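Containing compact mmCIF, C-alpha atoms: target.txt.
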```txt
# COMPACT_ATOMS: atom_id res chain seq x y z
CA MET C 1 0.00 0.00 0.00
CA ALA C 2 1.22 3.55 -0.69
CA ALA C 3 2.19 5.62 2.35
CA LYS C 4 -0.74 7.56 3.94
CA ARG C 5 -0.73 11.32 3.36
CA LYS C 6 -0.44 13.58 6.39
CA THR C 7 -3.36 15.76 5.22
CA PRO C 8 -6.47 14.08 3.81
CA VAL C 9 -6.94 14.42 0.03
CA LYS C 10 -8.98 17.54 -0.78
CA SER C 11 -11.06 17.15 -3.89
CA ARG C 12 -10.27 19.63 -6.66
CA ASN C 13 -13.80 19.29 -7.94
CA PRO C 14 -16.21 21.25 -5.72
CA ASP C 15 -19.84 20.03 -5.50
CA LEU C 16 -22.51 22.07 -7.23
CA ILE C 17 -25.07 19.88 -5.55
CA ARG C 18 -24.58 16.43 -4.11
CA GLY C 19 -23.55 14.13 -6.92
CA VAL C 20 -22.74 16.82 -9.47
CA GLY C 21 -19.26 18.29 -9.68
CA LYS C 22 -18.34 21.61 -11.12
CA TYR C 23 -15.80 20.32 -13.64
CA SER C 24 -16.20 17.76 -16.41
CA ARG C 25 -14.05 14.67 -16.86
CA SER C 26 -11.77 16.33 -19.40
CA LYS C 27 -11.38 19.43 -17.25
CA MET C 28 -10.53 17.27 -14.21
CA TYR C 29 -7.96 15.37 -16.26
CA HIS C 30 -6.28 18.66 -17.02
CA LYS C 31 -6.60 19.94 -13.43
CA ARG C 32 -5.04 16.87 -11.88
CA GLY C 33 -2.06 17.25 -14.13
CA LEU C 34 -2.27 13.74 -15.54
CA TRP C 35 -1.08 15.20 -18.88
CA ALA C 36 2.11 16.41 -17.13
CA ILE C 37 2.76 13.02 -15.54
CA LYS C 38 2.26 11.34 -18.88
CA ALA C 39 4.60 13.81 -20.60
CA LYS C 40 7.27 13.14 -17.98
CA HIS C 41 7.10 9.43 -18.71
CA GLY C 42 7.04 9.67 -22.50
CA GLY C 43 3.33 9.46 -23.22
CA VAL C 44 2.70 6.47 -21.02
CA PHE C 45 1.20 6.55 -17.58
CA PRO C 46 3.69 5.07 -15.06
CA ARG C 47 2.89 1.70 -13.68
CA HIS C 48 4.34 -0.19 -10.76
CA ALA C 49 5.79 -3.59 -11.51
CA PRO C 50 3.26 -5.99 -10.11
CA GLN C 51 4.23 -6.98 -6.58
CA PRO C 52 5.03 -10.67 -6.23
CA LYS C 53 1.93 -12.41 -5.00
CA ALA C 54 2.34 -14.44 -1.83
CA PRO C 55 1.84 -18.14 -2.56
CA ALA C 56 -1.75 -19.03 -1.72
CA ALA C 57 -2.01 -21.61 1.07
CA ALA C 58 -3.35 -24.93 -0.14
CA GLU C 59 -7.05 -25.03 0.82
CA LYS C 60 -8.40 -28.30 2.13
CA PRO C 61 -11.83 -29.24 0.84
CA PRO C 62 -14.30 -28.84 3.74
CA LYS C 63 -15.53 -31.96 5.54
CA PHE C 64 -19.12 -30.87 5.68
CA TYR C 65 -21.38 -29.07 3.24
CA PRO C 66 -24.62 -27.87 4.86
CA ALA C 67 -27.81 -28.96 3.13
CA ASP C 68 -29.36 -25.50 2.97
CA ASP C 69 -27.72 -22.19 2.36
CA VAL C 70 -27.93 -20.35 5.64
CA LYS C 71 -27.60 -16.58 5.51
CA LYS C 72 -25.02 -15.09 7.83
CA PRO C 73 -26.41 -12.27 9.96
CA LEU C 74 -24.98 -8.82 9.32
CA LEU C 75 -22.18 -7.68 11.58
CA ASN C 76 -23.18 -5.44 14.48
CA ARG C 77 -20.50 -2.85 15.09
CA ARG C 78 -22.56 -0.84 17.58
CA LYS C 79 -20.82 0.11 20.83
CA PRO C 80 -23.31 1.26 23.45
CA LYS C 81 -22.43 4.53 25.20
CA PRO C 82 -23.38 5.40 28.76
CA THR C 83 -26.69 7.27 29.03
CA LYS C 84 -26.48 10.94 28.26
CA LEU C 85 -26.21 12.82 31.53
CA ARG C 86 -28.68 15.65 32.00
CA ALA C 87 -27.02 19.07 31.95
CA SER C 88 -28.42 19.83 35.39
CA ILE C 89 -26.53 16.91 36.96
CA THR C 90 -22.89 17.75 37.67
CA PRO C 91 -20.55 16.26 40.31
CA GLY C 92 -21.65 17.58 43.70
CA THR C 93 -25.29 18.17 42.77
CA VAL C 94 -27.89 17.33 45.40
CA LEU C 95 -30.36 14.84 43.92
CA ILE C 96 -33.77 13.75 45.21
CA LEU C 97 -34.32 10.00 44.88
CA LEU C 98 -37.79 9.19 43.66
CA ALA C 99 -38.07 5.44 44.02
CA GLY C 100 -36.73 2.54 45.97
CA ARG C 101 -35.75 2.08 49.58
CA PHE C 102 -34.45 5.64 49.88
CA MET C 103 -37.41 7.35 48.24
CA GLY C 104 -37.45 11.07 49.01
CA LYS C 105 -33.91 11.19 50.35
CA ARG C 106 -31.70 14.05 49.30
CA VAL C 107 -28.37 12.71 48.23
CA VAL C 108 -25.05 13.93 46.77
CA PHE C 109 -24.11 12.94 43.21
CA LEU C 110 -20.51 11.79 42.76
CA LYS C 111 -20.02 10.60 39.19
CA GLN C 112 -21.53 8.67 36.31
CA LEU C 113 -20.35 5.07 35.99
CA PRO C 114 -19.54 3.44 32.63
CA SER C 115 -22.88 1.60 32.69
CA GLY C 116 -24.70 4.94 32.74
CA LEU C 117 -25.89 4.68 36.35
CA LEU C 118 -25.14 7.49 38.76
CA LEU C 119 -22.84 6.92 41.74
CA VAL C 120 -24.39 8.55 44.75
CA THR C 121 -23.76 8.81 48.49
CA GLY C 122 -25.86 10.11 51.44
CA PRO C 123 -23.38 10.82 53.00
CA PHE C 124 -24.04 7.75 55.11
CA LYS C 125 -23.65 9.49 58.47
CA ILE C 126 -26.14 12.18 57.54
CA ASN C 127 -29.02 10.29 56.01
CA GLY C 128 -28.20 6.59 55.90
CA VAL C 129 -27.74 6.33 52.13
CA PRO C 130 -24.49 4.42 51.39
CA LEU C 131 -22.41 4.52 48.21
CA ARG C 132 -25.03 3.40 45.77
CA ARG C 133 -25.87 3.25 42.09
CA VAL C 134 -29.01 4.99 40.96
CA ASN C 135 -30.71 5.42 37.61
CA GLN C 136 -30.90 8.90 36.18
CA SER C 137 -34.59 8.53 35.39
CA TYR C 138 -35.55 8.07 39.03
CA VAL C 139 -33.95 11.26 40.22
CA ILE C 140 -34.74 14.96 40.43
CA ALA C 141 -31.72 17.20 40.15
CA THR C 142 -31.83 20.26 42.39
CA SER C 143 -29.75 23.33 41.73
CA THR C 144 -27.94 22.99 45.06
CA LYS C 145 -24.29 21.96 44.68
CA VAL C 146 -21.82 20.60 47.22
CA ASP C 147 -18.07 21.02 46.90
CA ILE C 148 -16.75 17.60 45.91
CA SER C 149 -13.13 18.40 45.11
CA GLY C 150 -11.55 16.51 48.02
CA VAL C 151 -12.94 13.11 47.05
CA ASN C 152 -11.11 10.36 45.17
CA LEU C 153 -13.54 8.32 43.10
CA GLU C 154 -11.10 6.40 40.92
CA LYS C 155 -11.74 2.99 42.38
CA PHE C 156 -15.52 2.98 41.99
CA ASP C 157 -16.97 1.38 38.89
CA ASP C 158 -19.72 -1.12 38.12
CA LYS C 159 -17.61 -4.14 39.08
CA TYR C 160 -17.32 -2.75 42.65
CA PHE C 161 -21.08 -3.14 43.00
CA ALA C 162 -21.41 -6.60 41.47
CA LYS C 163 -23.17 -9.22 43.60
CA GLU C 164 -20.91 -11.80 45.14
CA VAL C 165 -21.20 -15.20 43.44
CA GLU C 166 -22.19 -17.92 45.93
CA LYS C 167 -20.77 -21.39 45.54
CA LYS C 168 -23.45 -23.89 44.51
CA LYS C 169 -24.18 -26.41 47.23
CA LYS C 170 -24.98 -29.97 46.23
CA LYS C 171 -28.48 -30.81 47.40
CA GLY C 172 -28.82 -34.13 49.16
CA GLU C 173 -32.15 -35.73 50.06
CA GLY C 174 -31.82 -34.99 53.75
CA GLU C 175 -31.31 -31.29 53.14
CA PHE C 176 -34.72 -30.82 51.59
CA PHE C 177 -36.33 -31.38 54.95
CA GLU C 178 -33.96 -29.17 56.90
CA ALA C 179 -34.97 -25.57 57.34
CA GLU C 180 -32.79 -23.40 55.17
CA LYS C 181 -30.21 -21.62 57.22
CA GLU C 182 -30.64 -17.88 57.12
CA VAL C 183 -27.24 -16.46 56.34
CA LYS C 184 -27.23 -12.74 56.83
CA LYS C 185 -24.65 -11.19 54.59
CA LYS C 186 -22.35 -8.83 56.43
CA LEU C 187 -20.91 -5.82 54.68
CA PRO C 188 -17.15 -6.36 54.23
CA GLU C 189 -14.92 -4.03 56.21
CA ASP C 190 -13.17 -2.56 53.19
CA LYS C 191 -16.49 -1.28 51.81
CA LYS C 192 -17.18 0.40 55.12
CA GLU C 193 -13.74 2.01 54.95
CA ASP C 194 -14.43 3.22 51.41
CA GLN C 195 -17.65 4.80 52.60
CA LYS C 196 -15.89 6.59 55.44
CA ALA C 197 -13.12 7.82 53.16
CA VAL C 198 -15.54 9.31 50.63
CA ASP C 199 -17.76 10.84 53.25
CA ALA C 200 -15.01 12.45 55.35
CA SER C 201 -14.27 15.38 53.06
CA LEU C 202 -17.89 15.60 51.88
CA ILE C 203 -19.18 16.07 55.41
CA LYS C 204 -16.65 18.82 56.01
CA SER C 205 -17.76 20.80 52.98
CA ILE C 206 -21.42 20.18 53.87
CA GLU C 207 -20.96 21.52 57.38
CA GLY C 208 -19.51 24.67 55.87
CA VAL C 209 -22.91 25.63 54.47
CA PRO C 210 -25.53 26.57 57.09
CA ASP C 211 -28.60 24.26 57.24
CA LEU C 212 -27.27 21.98 54.49
CA LYS C 213 -26.73 19.09 56.87
CA ALA C 214 -30.30 19.27 58.15
CA TYR C 215 -31.47 19.59 54.55
CA LEU C 216 -29.74 16.38 53.50
CA ALA C 217 -31.02 14.59 56.57
CA ALA C 218 -34.65 15.45 55.80
CA ARG C 219 -36.77 13.62 53.25
CA PHE C 220 -38.55 15.40 50.42
CA SER C 221 -42.30 15.06 50.10
CA LEU C 222 -45.03 16.81 48.16
CA LYS C 223 -47.22 18.83 50.48
CA SER C 224 -50.63 20.36 49.95
CA GLY C 225 -50.54 23.14 47.39
CA MET C 226 -47.20 22.17 45.86
CA LYS C 227 -47.45 21.84 42.11
CA PRO C 228 -44.46 19.89 40.76
CA HIS C 229 -44.70 21.44 37.32
CA GLU C 230 -44.48 24.92 38.84
CA LEU C 231 -41.81 24.18 41.42
CA ALA C 232 -38.25 25.22 40.71
CA PHE C 233 -35.81 22.61 41.98
CA MET I 1 -70.01 50.83 50.40
CA PRO I 2 -69.16 53.72 48.01
CA PHE I 3 -66.49 53.12 45.41
CA LYS I 4 -63.01 54.44 46.17
CA ARG I 5 -61.03 53.57 43.03
CA TYR I 6 -62.41 55.07 39.83
CA VAL I 7 -61.55 54.53 36.21
CA GLU I 8 -60.10 57.89 35.21
CA ILE I 9 -57.30 59.20 33.11
CA GLY I 10 -54.14 58.68 35.08
CA ARG I 11 -55.40 55.73 37.13
CA VAL I 12 -52.68 53.10 37.56
CA ALA I 13 -53.94 49.56 37.10
CA LEU I 14 -52.51 46.06 37.28
CA VAL I 15 -52.97 43.74 34.30
CA ASN I 16 -54.46 40.47 35.54
CA TYR I 17 -54.82 38.47 32.31
CA GLY I 18 -53.05 38.09 29.04
CA LYS I 19 -49.65 38.73 27.54
CA ASP I 20 -48.81 41.60 29.89
CA TYR I 21 -49.87 39.77 33.04
CA GLY I 22 -48.54 41.43 36.19
CA LYS I 23 -47.61 44.75 34.64
CA LEU I 24 -48.51 48.15 36.03
CA VAL I 25 -50.18 50.29 33.35
CA VAL I 26 -51.75 53.75 33.25
CA ILE I 27 -55.21 54.40 31.82
CA VAL I 28 -54.69 57.21 29.31
CA ASP I 29 -58.11 57.22 27.63
CA VAL I 30 -61.44 55.42 27.66
CA VAL I 31 -62.50 53.87 24.35
CA ASP I 32 -66.03 52.82 25.24
CA GLN I 33 -67.98 51.21 28.03
CA ASN I 34 -65.70 48.16 28.16
CA ARG I 35 -62.31 49.21 26.93
CA ALA I 36 -59.58 51.61 27.89
CA LEU I 37 -56.51 52.87 26.13
CA VAL I 38 -53.63 51.87 28.29
CA ASP I 39 -49.93 52.75 28.32
CA ALA I 40 -46.78 51.93 30.25
CA PRO I 41 -43.15 53.02 29.84
CA ASP I 42 -42.07 49.65 28.45
CA MET I 43 -44.98 48.78 26.19
CA VAL I 44 -46.76 50.04 23.10
CA ARG I 45 -49.91 52.00 23.89
CA SER I 46 -52.83 49.63 23.31
CA GLN I 47 -56.44 49.00 24.22
CA MET I 48 -57.45 46.65 26.98
CA ASN I 49 -60.77 45.47 28.29
CA PHE I 50 -61.50 46.65 31.81
CA LYS I 51 -61.97 43.04 32.79
CA ARG I 52 -58.26 42.55 32.25
CA LEU I 53 -57.39 45.36 34.64
CA THR I 54 -57.45 45.64 38.40
CA LEU I 55 -57.47 49.24 39.60
CA THR I 56 -54.94 50.34 42.22
CA ASP I 57 -54.93 53.27 44.62
CA ILE I 58 -52.29 55.12 42.67
CA LYS I 59 -53.22 57.97 40.34
CA ILE I 60 -50.98 60.23 38.32
CA ASP I 61 -51.59 63.68 36.88
CA ILE I 62 -51.76 63.57 33.08
CA ASN I 63 -53.85 64.90 30.26
CA ARG I 64 -55.79 62.65 27.92
CA VAL I 65 -53.38 60.51 25.84
CA PRO I 66 -50.04 62.11 26.71
CA LYS I 67 -46.89 61.59 24.73
CA LYS I 68 -44.70 58.77 25.95
CA LYS I 69 -42.11 61.16 27.31
CA THR I 70 -44.74 63.17 29.20
CA LEU I 71 -46.15 59.97 30.60
CA ILE I 72 -42.77 58.77 31.83
CA ASP I 73 -42.05 62.15 33.43
CA ALA I 74 -45.42 62.18 35.16
CA MET I 75 -44.81 58.69 36.48
CA GLU I 76 -41.44 59.75 37.85
CA LYS I 77 -42.97 62.80 39.49
CA ALA I 78 -45.68 60.77 41.19
CA ASP I 79 -43.07 58.14 42.12
CA VAL I 80 -45.37 55.32 41.03
CA LYS I 81 -42.70 52.61 41.28
CA ASN I 82 -41.76 53.30 44.89
CA LYS I 83 -45.35 53.87 45.97
CA TRP I 84 -46.25 50.50 44.47
CA GLU I 85 -43.32 48.60 45.94
CA ASN I 86 -44.00 50.00 49.42
CA SER I 87 -47.72 49.35 49.38
CA SER I 88 -48.83 46.13 51.06
CA TRP I 89 -50.28 44.84 47.78
CA GLY I 90 -47.06 45.52 45.91
CA ARG I 91 -44.95 43.94 48.64
CA LYS I 92 -47.09 40.81 48.59
CA LEU I 93 -46.57 40.45 44.84
CA ILE I 94 -42.83 40.84 45.23
CA VAL I 95 -42.75 38.14 47.90
CA GLN I 96 -44.86 35.84 45.71
CA LYS I 97 -42.43 36.29 42.82
CA ARG I 98 -39.44 35.58 45.01
CA ARG I 99 -41.00 32.48 46.53
CA ALA I 100 -41.83 31.09 43.09
CA LEU I 101 -38.15 31.13 42.19
CA LEU I 102 -36.98 29.37 45.34
CA ASN I 103 -35.22 26.07 44.81
CA ASP I 104 -35.70 23.03 47.03
CA PHE I 105 -32.99 24.11 49.49
CA GLY I 106 -34.54 27.57 49.66
CA ARG I 107 -37.92 26.13 50.52
CA PHE I 108 -36.31 24.05 53.27
CA LYS I 109 -34.62 27.10 54.77
CA LEU I 110 -37.92 28.99 54.55
CA MET I 111 -39.62 26.22 56.51
CA LEU I 112 -36.94 26.37 59.23
CA ALA I 113 -37.30 30.16 59.43
CA LYS I 114 -41.08 29.93 59.75
CA ILE I 115 -40.79 27.40 62.57
CA LYS I 116 -38.24 29.55 64.36
CA LYS I 117 -40.37 32.68 64.05
CA ALA I 118 -43.45 30.86 65.31
CA GLY I 119 -41.45 29.58 68.26
CA ILE I 120 -40.31 33.07 69.23
CA VAL I 121 -43.82 34.47 68.88
CA ARG I 122 -45.22 31.69 71.05
CA GLN I 123 -42.60 32.34 73.72
CA GLU I 124 -43.43 36.03 73.89
CA LEU I 125 -47.14 35.27 74.01
CA ALA I 126 -46.60 32.84 76.86
CA LYS I 127 -44.64 35.51 78.73
CA LEU I 128 -47.40 38.05 78.25
CA LYS I 129 -50.03 35.56 79.35
CA LYS I 130 -48.07 34.86 82.50
CA GLU I 131 -47.82 38.55 83.29
CA THR I 132 -51.52 39.21 82.94
CA ALA I 133 -52.36 36.08 84.91
CA ALA I 134 -50.09 37.12 87.74
```

Rendering of file as structure tokens:
Amino acid sequence: MAAKRKTPVKSRNPDLIRGVGKYSRSKMYHKRGLWAIKAKHGGVFPRHAPQPKAPAAAEKPPKFYPADDVKKPLLNRRKPKPTKLRASITPGTVLILLAGRFMGKRVVFLKQLPSGLLLVTGPFKINGVPLRRVNQSYVIATSTKVDISGVNLEKFDDKYFAKEVEKKKKKGEGEFFEAEKEVKKKLPEDKKEDQKAVDASLIKSIEGVPDLKAYLAARFSLKSGMKPHELAF
Amino acid sequence: MPFKRYVEIGRVALVNYGKDYGKLVVIVDVVDQNRALVDAPDMVRSQMNFKRLTLTDIKIDINRVPKKKTLIDAMEKADVKNKWENSSWGRKLIVQKRRALLNDFGRFKLMLAKIKKAGIVRQELAKLKKETAA
């Protein structure tokens, strides 16, 4: 293959409309200077000597010919991107959770994970919401922002939140009659440490703003007379 | 029972319906039984039905259909803006506008302030009650 040019090739034939160029074939021949190249090489257009073809590997005849011609599906080259983040949601925004166990809780947004979910924390000491993933659709973004600069979020991604795989136990006949043992899963210590580390600097910047701590501790609810479409969040 | 606010030339009114909702305008002429010619410093002079206007207490001194410049000068002389913003009606509207723009945190702080104020008032009342009882 010829070496790639540093600048992409700019067409010398501008479009009048799509599909129709300004210059005819003969004009383009003259513009490209093909007559000059031919003149330099004595009336003949220069040709490369054909490159030696690599010897084709001997192909074995296949063992099996399928009875029907099966069509191959088209290749899918689509790479899914994480959900587009609303412009109102930036790191440090206070969000209101609308569904789930922590419905109504006001929570601090940390970052968007590669799966598109939002990484969020209470902080845990203030309102009991741990480091958690939350879907953007189940969230109201308020215009209140918290300073989040002192927090290191590098280690958090979707794999951190994956469920732990339990080893399959072989079921014997006797075990069917035994009451299943209730194993309460304890939160591993390192996750607790992560929570404390993230929350330490957050809590400091929250306590710098008057009433913000009480605000995050309280739950949001619609009261009489509040019209959500008229409220500014 | 008698009326206190009359439709007259120079009466300042509040628009309560339509494109210019919430604006203070001056009645500069009466077209017929239902409509007035109305003008304000920041709008084109136009007709409005009286049903779209709520009369205020403020009146300015102008002739019928003054020029814009005369109107603006008369409004400055009568100090319409300050009179309106210091009246209880005007102050209420300003508070309404400010409350509509509050965000969620603002509403929370408002709630805390209301509770605090009510607490102080109740304390004082209790003190006064004790004094009169004693």

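Nearest residue to chain I among C:Leu153, C:Ala54, C:Ala214, C:Leu187 is C:Ala214, counting only C-alpha atoms.
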
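Among the candidates C:Leu98, C:Ile206, C:Leu216, C:Ala200, the residue lying nearest to chain I is C:Leu216 (atoms considered: all atoms listed in the file).
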
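With atom CA of Ile89 of chain C on one side and atom CA of Ala141 of chain C on the other, the separation reads 6.1 Å.
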
Provide the atom CA of Gly150 of chain C to atom CA of Ser201 of chain C distance in Å, to one decimal place. 5.8 Å

Based on all atoms listed in the file, which of the residues in chain C come within 7 Å of chain I? I want them as a ChimeraX atom specification. /C:142-144,215,232-233

Residues near segment 31-34 of chain I, cut-off 7 Å, all atoms listed in the file, skip fewer than 3 positions along chain, as a PyMOL selection string: chain I and resi 37+49-50

Same residues, C-alpha atoms, saved as a short mmCIF file (atom, residue, chain, number, x, y, z; two decimals), keeping the file's coordinate frame:
```cif
data_model
loop_
_atom_site.label_atom_id
_atom_site.label_comp_id
_atom_site.auth_asym_id
_atom_site.auth_seq_id
_atom_site.Cartn_x
_atom_site.Cartn_y
_atom_site.Cartn_z
CA LEU I 37 -56.51 52.87 26.13
CA ASN I 49 -60.77 45.47 28.29
CA PHE I 50 -61.50 46.65 31.81
#
```

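What separates atom CA of Arg35 of chain I from atom CA of Ser88 of chain I is a distance of 27.8 Å.
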
Point (-19.9, 19.6, 43.2), cut-off 9 Å, counting all atoms listed in the file, residues as an mmCIF file with C-alpha atoms, keeping the file's coordinate frame:
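Final file, point_27.cif:
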```cif
data_model
loop_
_atom_site.group_PDB
_atom_site.id
_atom_site.type_symbol
_atom_site.label_atom_id
_atom_site.label_comp_id
_atom_site.auth_asym_id
_atom_site.auth_seq_id
_atom_site.Cartn_x
_atom_site.Cartn_y
_atom_site.Cartn_z
ATOM 1 C CA THR C 90 -22.890 17.750 37.670
ATOM 2 C CA PRO C 91 -20.550 16.260 40.310
ATOM 3 C CA GLY C 92 -21.650 17.580 43.700
ATOM 4 C CA THR C 93 -25.290 18.170 42.770
ATOM 5 C CA VAL C 94 -27.890 17.330 45.400
ATOM 6 C CA VAL C 108 -25.050 13.930 46.770
ATOM 7 C CA PHE C 109 -24.110 12.940 43.210
ATOM 8 C CA LEU C 110 -20.510 11.790 42.760
ATOM 9 C CA THR C 144 -27.940 22.990 45.060
ATOM 10 C CA LYS C 145 -24.290 21.960 44.680
ATOM 11 C CA VAL C 146 -21.820 20.600 47.220
ATOM 12 C CA ASP C 147 -18.070 21.020 46.900
ATOM 13 C CA ILE C 148 -16.750 17.600 45.910
ATOM 14 C CA SER C 149 -13.130 18.400 45.110
#
```

Contacts of Thr56 of chain I at 7 Å or less, counting all atoms listed in the file, minus same-chain residues fewer than 4 places along, as a CSV table (one decimal) with C-alpha atoms, in the frame of the given file?
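Output file selection-v4.csv is given in full below:
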```
chain,number,residue,atom,x,y,z
I,5,ARG,CA,-61.0,53.6,43.0
I,12,VAL,CA,-52.7,53.1,37.6
I,13,ALA,CA,-53.9,49.6,37.1
I,14,LEU,CA,-52.5,46.1,37.3
```
